[in-house]
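Student: After the structure tokens below, expect a handful of questions from me.
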Amino acid sequence: MKFMLIWRVTSDEAWGNLGEIDFDQMLESVGKFNEELIEAGVLIAAEGLAPAEEGVVVDFSSEPPVVTDGPYGETKELFNGFYLINVPTIQDAVEWAKRTPMTAAGFKTEIRRVPTIDEFPQDNEWIKKERAWRESTGQL
């Protein structure tokens, strides 16, 4: 099963502390964790995200949608990066999440299962088109 591990910083204090982390040390910690995932054969993808100040939000609460530049009002709404892993159970995903190097107070890792295309109605024309695309790109 595929699971996404989503890194979150949940407090302004934790955000402030990020600037105090030695960048080379952080790269080493994350690199070692990435290497463990790769060696275990469970890593599908891993990406960090640019600062929220560089992002935008498209809010569909009104018509037309409203586009707002970052930064955003609520720190708890942000996530910094993710891992996509393939492990047998959510318990395995939890064990990997416990090992992530971002473990200070104010950091959380959310775990979400990624459904497979097989879980959707296979007679739906849009699912058929997506399946064909996935097959043509080697994803299935």
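Following the order of the structure tokens, first chain is A, next is B, and so on, with residues numbered from 1 inside each chain and ligands from 1 in the order they appear.
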Quick check for you: according to DSSP on this backbone, which residues of segment 12-123 of chain A are classed as strand (DSSP E)? Reply as number ranges by chain.
Tutor: A: 43-48, 56-59, 66-69, 79-86, 107-114
Student: Rounded to one decimal place, report the atom CA of Ile127 of chain A-atom CA of Phe3 of chain A distance in Å.
Tutor: 20.9 Å
Student: Can you tell me how far atom CA of Gly48 of chain A sits from atom CA of Val114 of chain A, in Å to one decimal?
Tutor: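 Computed distance, atom CA of Gly48 of chain A to atom CA of Val114 of chain A, equals 18.5 Å.
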Student: So which residues touch Gly41 of chain A within 9 Å, counting only C-alpha atoms, skipping near sequence neighbours fewer than 5 positions away, as a list in words?
Tutor: Glu36, Ile85 and Asn86 of chain A
Student: Between A:Asn80, A:Asp59, A:Asp24, A:Thr116, which one has atoms that come closest to Met102 of chain A, using only C-alpha atoms?
Tutor: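 Residue with the minimum atom-to-atom distance to Met102 of chain A: A:Asn80.
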Student: Which of segment 3-74 of chain A end up as alpha helix (DSSP H) when DSSP is run on this backbone - answer as a ChimeraX atom specification?
Tutor: /A:12-18,23-40
Student: Do a neighbour search on Ile90 of chain A at 9 Å with only C-alpha atoms, toss out local chain neighbours closer than 6 positions, and write the hits as a list of chain:residue names.
Tutor: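 Result of the neighbour search: A:Met1, A:Phe3, A:Ile111, A:Arg112, A:Arg113.
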